[in-house]
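Take a look at the structure below.
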Amino acid sequence: MDGFLNINKPSGWTSHDVVARLRSILKIKKVGHTGTLDPAATGVLPICLGKATKLSQLLTETDKQYRAVMRLGITTDTQDATGRILNRRDGSGLSERQIRDVLVLFTGDIQQVPPMYSAVKVAGEPLYKAARAGRVVERDARKVRIYRLELIGRDENDVTLDVVCSKGTYIRSLCADIGERLGVGAHLFHLIRLRSGPFRIEHAVTIEEAESLVQEGRIRERVLPAAQVFQDFPSVSVTHQGARQLLHGTPIGILSVGRQPKDFKTGQAVLVYNASGDLIALAKVRIGPPEGPDLATDRGQEVFALDKVLASVKEP
């Protein structure tokens with residue numbers, strides 16, 4: 001069973017809880033997720049099965065969409081509703097216009113400091129362990145991108161936001177930073193992930209539904225093959241001989257590639273398909289001077305080569 005399962009994670013479960021439960025339900029060892037979702041949050045959690053676990057890194061790079069409820073006037077030590085209240089202020093006097101004006105400031109590329117209650121490691125230690133021990137660790141700000149940040153509803157101090165963002169964005173920190181900019185403080189009260197890359201919540205299944213599908217012998221109907229999930233990802237096809245060479249660790253050049261690659265750069269990751277159309281590997285591109293007869297080219301001194309297999313998803 002190789003592919004991806006789109007799970008609607010329930011509140012109170014960690015991403016690891018979901019993986020462990022599915023490993024038990026499906027009776028397979030290779031099960032993984034593509035990036036954690038906070039225990040209190042619900043929504044899309046893409047799960048990798050079998051050899052597809054080798055491609056999980058591609059999904060961690062994709063953008064995400066969330067529906068978030070930001071509660072104004074209350075700050076917490078975890079920046080969400082599970083934490084200890086640090087401060088209370090009155091946010092009732094803020095107008096929607098004031099809120100929208102501040103949201104604009106958080107759209108585009110922004111600097112974000114990871115929250116103390118997170119899995120980010122500093123000097124090899126997860127921040128949440130330091131936080132639980134009562135220590136505050138100095139953290140460097142990281143650049144993230146907010147593609148869309150819209151106010152879509154308000155009920156007194158609860159502001160509902162639609163957020164589309166890059167990988168690595170903490171919605172908790174975003175709400176806390178917005179609250180500080182508004183002058184009243186805020187925390188993340190509720191969060192649903194609506195989309196993670198190509199996976200959408202309307203196509204997700206719950207843990208209970210997945211278990212029922214297994215019992216009915218129909219779970220494969222909901223397992224998406226990697227070729228479908230990554231249909232828009234850069235790819236090349238190679239000859240059967242080229243596939244054997246590549247999967248045995250030998251770089252291959254343009255003569256082994258079935259169709260002319262375009263607009264690729266050195267170091268770029270591409271999906272590799274064999275002549276039968278099977279997805280066989282994730283490989284790294286190298287463009288430069290030829291280094292041997294196998295990398296011969298009719299493009300002068302510039303050669304296109306698949307230089308390194310980052311992940312093999314099919315045996316040679």
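We label chains A, B, ... in the order they appear in the structure tokens, count residues from 1 in each chain, and number ligands from 1 in the order shown.
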
### Message
I want to know what sits within 8 Å of Pro39 in chain A, based on only C-alpha atoms, with residues of the same chain fewer than 5 positions away left out; could you give that as an MDAnalysis selection string?
### Response
chainID A and resid 11:15

Distance table requested - range 104-144 of chain A against range 171-187 of chain A, cut-off 9 Å, only C-alpha atoms: one row per qualifying residue with the closest atom pair and its distance in Å to one decimal, ordered by chain and rising residue number, as a Markdown table.
```
| residue | atom | partner | partner_atom | distance |
| --- | --- | --- | --- | --- |
| A:Leu105 | CA | A:Ile178 | CA | 9.0 |
| A:Phe106 | CA | A:Ile178 | CA | 7.7 |
| A:Gln112 | CA | A:Ser173 | CA | 7.3 |
| A:Val113 | CA | A:Ser173 | CA | 7.5 |
| A:Pro114 | CA | A:Ser173 | CA | 7.1 |
| A:Pro115 | CA | A:Ser173 | CA | 6.4 |
```

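Closest approach to Gly83 in chain A among A:Val214, A:Arg67, A:Val285, A:Met116 is made by A:Met116 (distances from only C-alpha atoms).
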
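Closest approach to Val270 in chain A among A:Val236, A:Ile254, A:Leu59, A:Gly249: A:Val236, based on only C-alpha atoms.
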
### DSSP-assigned strand (DSSP E) members of range 3-250 of chain A, reported as a VMD selection string
chain A and resid 3 to 9 31 to 33 42 to 49 64 to 72 74 to 76 85 to 88 108 to 112 121 to 122 125 to 126 142 to 155 158 to 165 186 to 196 199 to 200 235 to 237

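With distances restricted to only C-alpha atoms, A:Gly32 is the closest residue to Lys54 in chain A from A:Gly32, A:Gly124, A:Gly168, A:Pro198.
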